[in-house]
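Chemist: For reference, this is upload_33.cif, and it has mmCIF, C-alpha atoms and all ligand atoms.
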data_query
loop_
_atom_site.group_PDB
_atom_site.id
_atom_site.type_symbol
_atom_site.label_atom_id
_atom_site.label_comp_id
_atom_site.auth_asym_id
_atom_site.auth_seq_id
_atom_site.Cartn_x
_atom_site.Cartn_y
_atom_site.Cartn_z
ATOM 1 C CA MET A 1 -73.937 70.216 24.259
ATOM 2 C CA ARG A 2 -76.140 68.285 26.606
ATOM 3 C CA THR A 3 -73.324 66.609 28.493
ATOM 4 C CA ARG A 4 -71.383 69.811 28.697
ATOM 5 C CA ARG A 5 -74.298 71.533 30.389
ATOM 6 C CA SER A 6 -74.789 68.856 32.979
ATOM 7 C CA LEU A 7 -71.116 68.984 33.886
ATOM 8 C CA TRP A 8 -71.356 72.649 34.653
ATOM 9 C CA ILE A 9 -74.356 71.962 36.811
ATOM 10 C CA VAL A 10 -72.344 69.505 38.909
ATOM 11 C CA LEU A 11 -69.752 72.130 39.612
ATOM 12 C CA ALA A 12 -72.413 74.732 40.301
ATOM 13 C CA VAL A 13 -73.942 72.448 42.884
ATOM 14 C CA VAL A 14 -70.659 72.225 44.717
ATOM 15 C CA ILE A 15 -70.288 75.966 44.877
ATOM 16 C CA ALA A 16 -73.879 76.324 46.025
ATOM 17 C CA MET A 17 -73.301 73.940 48.903
ATOM 18 C CA ALA A 18 -70.500 76.128 50.122
ATOM 19 C CA MET A 19 -72.638 79.200 49.973
ATOM 20 C CA MET A 20 -75.380 77.539 51.970
ATOM 21 C CA ALA A 21 -72.993 76.434 54.617
ATOM 22 C CA ARG A 22 -71.677 79.930 54.926
ATOM 23 C CA ALA A 23 -75.161 81.355 55.316
ATOM 24 C CA GLN A 24 -75.630 78.905 58.215
ATOM 25 C CA GLU A 25 -78.862 77.629 56.798
ATOM 26 C CA THR A 26 -80.283 74.588 58.450
ATOM 27 C CA LYS A 27 -82.188 73.454 55.393
ATOM 28 C CA LYS A 28 -79.986 71.789 52.793
ATOM 29 C CA GLU A 29 -81.104 73.209 49.546
ATOM 30 C CA ILE A 30 -79.161 73.072 46.320
ATOM 31 C CA LYS A 31 -79.019 76.168 44.199
ATOM 32 C CA HIS A 32 -77.333 76.400 40.846
ATOM 33 C CA VAL A 33 -74.887 79.235 40.461
ATOM 34 C CA PRO A 34 -72.376 79.954 37.706
ATOM 35 C CA VAL A 35 -68.842 78.696 38.116
ATOM 36 C CA LYS A 36 -65.891 80.980 38.478
ATOM 37 C CA PRO A 37 -63.334 80.479 35.723
ATOM 38 C CA THR A 38 -59.750 80.150 36.938
ATOM 39 C CA SER A 39 -56.291 80.257 35.466
ATOM 40 C CA SER A 40 -54.976 76.838 34.554
ATOM 41 C CA ALA A 41 -51.532 78.110 35.587
ATOM 42 C CA SER A 42 -52.385 78.509 39.261
ATOM 43 C CA GLY A 43 -52.885 75.379 41.314
ATOM 44 C CA GLN A 44 -53.626 77.506 44.324
ATOM 45 C CA GLU A 45 -56.368 79.482 42.601
ATOM 46 C CA MET A 46 -57.986 76.295 41.288
ATOM 47 C CA TYR A 47 -57.751 74.647 44.687
ATOM 48 C CA LYS A 48 -59.362 77.618 46.434
ATOM 49 C CA SER A 49 -62.128 77.831 43.836
ATOM 50 C CA TYR A 50 -62.954 74.152 43.357
ATOM 51 C CA CYS A 51 -61.635 72.064 46.217
ATOM 52 C CA ALA A 52 -61.505 74.137 49.406
ATOM 53 C CA VAL A 53 -65.289 74.071 49.748
ATOM 54 C CA CYS A 54 -65.039 70.411 50.778
ATOM 55 C CA HIS A 55 -61.391 69.744 51.552
ATOM 56 C CA GLY A 56 -60.883 72.999 53.470
ATOM 57 C CA ALA A 57 -58.611 75.940 52.663
ATOM 58 C CA ASP A 58 -55.758 74.152 54.455
ATOM 59 C CA GLY A 59 -56.586 70.753 52.895
ATOM 60 C CA LYS A 60 -57.473 69.142 56.192
ATOM 61 C CA GLY A 61 -61.008 68.255 55.179
ATOM 62 C CA ASN A 62 -63.034 70.884 57.003
ATOM 63 C CA GLY A 63 -64.519 72.963 54.199
ATOM 64 C CA PRO A 64 -67.877 74.692 54.591
ATOM 65 C CA ALA A 65 -69.744 72.093 52.498
ATOM 66 C CA VAL A 66 -68.761 69.156 54.711
ATOM 67 C CA ASP A 67 -72.144 68.957 56.432
ATOM 68 C CA ALA A 68 -73.850 68.348 53.103
ATOM 69 C CA LEU A 69 -71.645 65.337 52.255
ATOM 70 C CA LYS A 70 -72.293 61.696 53.006
ATOM 71 C CA VAL A 71 -68.592 60.857 53.222
ATOM 72 C CA PRO A 72 -66.274 63.333 54.915
ATOM 73 C CA PRO A 73 -63.533 64.546 52.553
ATOM 74 C CA PRO A 74 -60.139 63.066 53.415
ATOM 75 C CA ASP A 75 -57.313 65.149 54.844
ATOM 76 C CA LEU A 76 -55.197 65.988 51.800
ATOM 77 C CA THR A 77 -52.200 67.065 53.892
ATOM 78 C CA THR A 78 -51.454 63.501 54.981
ATOM 79 C CA LEU A 79 -51.427 61.829 51.546
ATOM 80 C CA ALA A 80 -47.637 61.457 51.574
ATOM 81 C CA GLU A 81 -47.605 60.304 55.165
ATOM 82 C CA LYS A 82 -50.196 57.623 54.420
ATOM 83 C CA ASN A 83 -48.176 56.488 51.416
ATOM 84 C CA GLY A 84 -44.967 55.728 53.285
ATOM 85 C CA GLY A 85 -43.617 59.283 52.962
ATOM 86 C CA LYS A 86 -43.965 59.506 49.183
ATOM 87 C CA TYR A 87 -46.526 61.887 47.733
ATOM 88 C CA PRO A 88 -48.824 59.742 45.507
ATOM 89 C CA ALA A 89 -48.918 62.088 42.508
ATOM 90 C CA LEU A 90 -50.277 59.530 40.067
ATOM 91 C CA THR A 91 -53.140 58.527 42.302
ATOM 92 C CA VAL A 92 -54.042 62.146 42.954
ATOM 93 C CA SER A 93 -54.112 62.890 39.211
ATOM 94 C CA ALA A 94 -56.299 59.873 38.652
ATOM 95 C CA VAL A 95 -58.698 60.910 41.411
ATOM 96 C CA ILE A 96 -58.958 64.448 40.069
ATOM 97 C CA ARG A 97 -59.595 63.189 36.563
ATOM 98 C CA GLY A 98 -62.074 60.627 37.805
ATOM 99 C CA GLU A 99 -60.074 57.677 36.540
ATOM 100 C CA GLU A 100 -59.526 56.337 40.010
ATOM 101 C CA VAL A 101 -62.801 54.980 41.309
ATOM 102 C CA LEU A 102 -63.027 55.558 45.007
ATOM 103 C CA ALA A 103 -64.860 52.284 45.378
ATOM 104 C CA ALA A 104 -63.681 51.645 48.902
ATOM 105 C CA HIS A 105 -66.087 54.282 50.091
ATOM 106 C CA GLY A 106 -68.591 53.920 47.298
ATOM 107 C CA SER A 107 -69.033 57.672 47.233
ATOM 108 C CA LYS A 108 -70.035 59.970 44.437
ATOM 109 C CA ASP A 109 -69.416 63.006 46.602
ATOM 110 C CA MET A 110 -66.033 63.661 45.066
ATOM 111 C CA PRO A 111 -66.790 65.380 41.757
ATOM 112 C CA ILE A 112 -65.129 64.269 38.528
ATOM 113 C CA TRP A 113 -63.005 67.223 37.605
ATOM 114 C CA GLY A 114 -61.446 65.752 34.494
ATOM 115 C CA ASN A 115 -64.667 66.196 32.556
ATOM 116 C CA LEU A 116 -65.251 69.657 33.909
ATOM 117 C CA PHE A 117 -61.761 70.820 33.052
ATOM 118 C CA TRP A 118 -62.265 69.301 29.641
ATOM 119 C CA SER A 119 -65.416 71.378 29.091
ATOM 120 C CA MET A 120 -63.761 74.471 30.513
ATOM 121 C CA SER A 121 -60.881 74.193 28.093
ATOM 122 C CA GLY A 122 -63.135 73.560 25.128
ATOM 123 C CA GLY A 123 -61.638 70.095 24.731
ATOM 124 C CA HIS A 124 -57.943 70.993 24.864
ATOM 125 C CA GLU A 125 -56.201 68.032 26.442
ATOM 126 C CA ALA A 126 -53.002 70.011 27.061
ATOM 127 C CA GLU A 127 -54.872 72.513 29.170
ATOM 128 C CA VAL A 128 -56.632 69.758 31.095
ATOM 129 C CA GLN A 129 -53.238 68.212 31.822
ATOM 130 C CA GLN A 130 -51.870 71.562 32.953
ATOM 131 C CA ARG A 131 -54.782 72.065 35.336
ATOM 132 C CA VAL A 132 -54.391 68.608 36.848
ATOM 133 C CA ALA A 133 -50.608 68.954 37.119
ATOM 134 C CA ASN A 134 -50.780 72.362 38.801
ATOM 135 C CA LEU A 135 -53.440 71.254 41.234
ATOM 136 C CA ASN A 136 -51.342 68.216 41.986
ATOM 137 C CA LYS A 137 -48.302 70.389 42.702
ATOM 138 C CA TYR A 138 -50.332 72.614 44.967
ATOM 139 C CA ILE A 139 -51.665 69.672 46.963
ATOM 140 C CA GLU A 140 -48.140 68.309 47.224
ATOM 141 C CA SER A 141 -47.098 71.643 48.734
ATOM 142 C CA LEU A 142 -49.766 71.214 51.431
ATOM 143 C CA GLN A 143 -48.239 67.966 52.728
ATOM 144 C CA LYS A 144 -47.388 68.168 56.384
ATOM 145 C CA LYS A 145 -43.712 67.843 57.055
HETATM 146 C C1 LIG B 1 -68.177 68.157 46.908
HETATM 147 C C2 LIG B 1 -67.039 68.007 47.790
HETATM 148 C C3 LIG B 1 -65.674 67.816 47.170
HETATM 149 C C4 LIG B 1 -65.025 68.671 46.316
HETATM 150 C C5 LIG B 1 -65.519 70.000 45.773
HETATM 151 C C6 LIG B 1 -63.733 68.072 46.060
HETATM 152 N N1 LIG B 1 -63.613 66.889 46.735
HETATM 153 FE FE1 LIG B 1 -62.024 65.665 46.727
HETATM 154 N N2 LIG B 1 -63.034 64.305 47.851
HETATM 155 C C7 LIG B 1 -64.298 64.501 48.354
HETATM 156 C C8 LIG B 1 -64.711 63.310 49.072
HETATM 157 C C9 LIG B 1 -66.045 63.134 49.791
HETATM 158 C C10 LIG B 1 -63.655 62.400 48.957
HETATM 159 C C11 LIG B 1 -63.608 60.976 49.494
HETATM 160 C C12 LIG B 1 -64.367 60.125 48.517
HETATM 161 C C13 LIG B 1 -64.355 58.699 48.875
HETATM 162 O O1 LIG B 1 -63.436 58.272 49.560
HETATM 163 O O2 LIG B 1 -65.248 57.995 48.390
HETATM 164 C C14 LIG B 1 -62.609 63.065 48.167
HETATM 165 C C15 LIG B 1 -61.388 62.484 47.845
HETATM 166 C C16 LIG B 1 -60.352 63.164 47.243
HETATM 167 C C17 LIG B 1 -59.034 62.618 47.023
HETATM 168 C C18 LIG B 1 -58.547 61.221 47.419
HETATM 169 C C19 LIG B 1 -57.801 61.327 48.710
HETATM 170 C C20 LIG B 1 -57.299 60.002 49.215
HETATM 171 O O3 LIG B 1 -57.204 59.866 50.450
HETATM 172 O O4 LIG B 1 -57.026 59.122 48.411
HETATM 173 C C21 LIG B 1 -58.290 63.584 46.394
HETATM 174 C C22 LIG B 1 -56.832 63.502 45.953
HETATM 175 C C23 LIG B 1 -59.162 64.717 46.214
HETATM 176 N N3 LIG B 1 -60.407 64.432 46.740
HETATM 177 C C24 LIG B 1 -58.772 65.880 45.589
HETATM 178 C C25 LIG B 1 -59.659 66.931 45.277
HETATM 179 C C26 LIG B 1 -59.319 68.064 44.447
HETATM 180 C C27 LIG B 1 -57.948 68.330 43.850
HETATM 181 C C28 LIG B 1 -60.434 68.831 44.333
HETATM 182 C C29 LIG B 1 -60.623 70.107 43.529
HETATM 183 C C30 LIG B 1 -60.309 70.048 42.120
HETATM 184 C C31 LIG B 1 -61.488 68.170 45.102
HETATM 185 N N4 LIG B 1 -60.971 67.020 45.657
HETATM 186 C C32 LIG B 1 -62.767 68.651 45.246
HETATM 187 C C33 LIG B 1 -65.069 65.617 48.226
HETATM 188 C C34 LIG B 1 -64.785 66.699 47.416
#
What would the structure in this file look like if it were written as C-alpha cells?

Modeler:
Amino acid sequence: MRTRRSLWIVLAVVIAMAMMARAQETKKEIKHVPVKPTSSASGQEMYKSYCAVCHGADGKGNGPAVDALKVPPPDLTTLAEKNGGKYPALTVSAVIRGEEVLAAHGSKDMPIWGNLFWSMSGGHEAEVQQRVANLNKYIESLQKK
C-alpha cells in the first residue's frame, strides 16, 4: 500500500508542475493533485495526460512544466531521425517503463511510468503492456517525416 501511494504522489507532482506553469507563478511550489485516469487503449489520451506537460503537446519538448525541470525534455519527434531513420520502439518502451536508465544525463526528472501504470491497472501486466505499446505507437506517429 505504501509504495502504491508514493507512486501516485510522483504523478501528482508532475501534474501540479504543469498547473503552476500555466498560472504563470514565479514561485516553484509543488502541490499534490489527483491524477486523471485514462483509457489504456488511447496512446494519444495517455500522452496528453501524462507526457505533454513536459514533452509538449507536439512532442518537441516545450511543455508547460519545462521551467521546473533540471534537464530539458528531449524532442520526441526526432527519435527516428537520431536513430538512423528507424524509430527505436524498444528503447522507448524501456524508457517509459523505467528499465532504461538515462544515466547519460543522470536525471530523475523523467518519471518511471511502468510502476505507475502497474498501480493504475491493479497489477495487471497485460494492461501495463497495452499502455506502453499504445503510447509507443502514438509517439511513433509524432515522428517528423
Ligand atoms: C516531469 C517531466 C516529464 C514527464 C511528465 C515525462 N517525461 Fe519523458 N523525459 C523527461 C526528461 C527530463 C527526459 C530526459 C531525461 C534524461 O535524459 O536524463 C525524458 C526522456 C524521455 C525519453 C527518452 C528520449 C530519448 O531521447 O532517448 C522518452 C522516450 C520519454 N521521455 C517519453 C515520455 C513519455 C512517453 C511520457 C509520458 C508517459 C513522458 N516521457 C513523460 C521528462 C518528462

Chemist: When the PyMOL selection byres (((chain A and resi 120) around 10) and not hetatm) is applied to the file above, which residues end up in the set, as a list of chain:residue names?

Modeler: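 Selection result, ordered by chain and number: A:Arg4, A:Leu7, A:Trp8, A:Pro37, A:Thr38, A:Ser40, A:Gly114, A:Asn115, A:Leu116, A:Phe117, A:Trp118, A:Ser119, A:Ser121, A:Gly122, A:Gly123, A:His124, A:Glu127, A:Val128.
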
Chemist: Expand the PyMOL selection byres (((chain A and resi 44) around 10) and not hetatm) into the explicit residue set it covers here, and present it as a list in words.

Modeler: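 Applied to this file, the PyMOL selection byres (((chain A and resi 44) around 10) and not hetatm) returns Thr38, Ser39, Ser40, Ala41, Ser42, Gly43, Glu45, Met46, Tyr47, Lys48, Ser49, Tyr50, Cys51, Ala52, Ala57, Asn134, Leu135, Asn136, Lys137, Tyr138, Ile139 and Ser141 of chain A.
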
Chemist: When you draw a straight line from atom C31 of ligand LIG 1 (chain B) to atom CA of A:Ala65, how long is it in Å?

Modeler: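 The value is 11.8 Å.
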
Chemist: Just how far from atom CA of A:Arg97 is atom CA of A:Asp75, in Å to one decimal?

Modeler: 18.5 Å

Chemist: Mind giving me the straight-line distance from atom CA of A:His55 to atom C22 of ligand LIG 1 (chain B) in Å, one decimal?

Modeler: 9.5 Å

Chemist: Which one is closest to ligand LIG 1 (chain B): A:Asn83, A:Pro73, A:Glu140, A:Asp58? Count only C-alpha atoms and all ligand atoms.

Modeler: A:Pro73

Chemist: Just need the box for ligand LIG 1 (chain B), edges along x, y and z, holding every atom the file lists for it with 3 Å tacked onto each side, so centre and edge lengths in Å to one decimal, as lines of an AutoDock Vina configuration file.

Modeler:
center_x = -62.5
center_y = 64.1
center_z = 46.3
size_x = 17.3
size_y = 18.1
size_z = 14.3

Chemist: With the PyMOL selection byres (((chain A and resi 98) around 8) and not hetatm) as the selection, what would be picked from this file? Answer as a ChimeraX atom specification, please.

Modeler: /A:94-97,99-101,111-114

Chemist: Go through A:Lys145, A:Lys86, A:Lys60, A:Lys70 one by one, measure the shortest atom-to-atom distance of each to ligand LIG 1 (chain B) using only C-alpha atoms and all ligand atoms, and give the residue with the smallest value.

Modeler: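 Distance minimum relative to ligand LIG 1 (chain B) lands on A:Lys70.
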
Chemist: Pick out the closest residue to ligand LIG 1 (chain B) from this set: A:Gly84, A:Arg131, A:Gly61, A:Pro72. Count all atoms listed in the file.

Modeler: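 Selected residue with least distance to ligand LIG 1 (chain B): A:Pro72.
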
Chemist: Determine the nearest neighbour of ligand LIG 1 (chain B) from the options A:Leu69, A:Leu142, A:Ala133, A:Leu90, counting only C-alpha atoms and all ligand atoms.

Modeler: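 For ligand LIG 1 (chain B), the nearest of the candidates is A:Leu69.
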
Chemist: My list of candidates is A:Leu76, A:Ser93, A:Lys82, A:Pro88. Which is closest to A:Gln143 when distances are computed with all atoms listed in the file?

Modeler: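 Closest candidate: A:Leu76.
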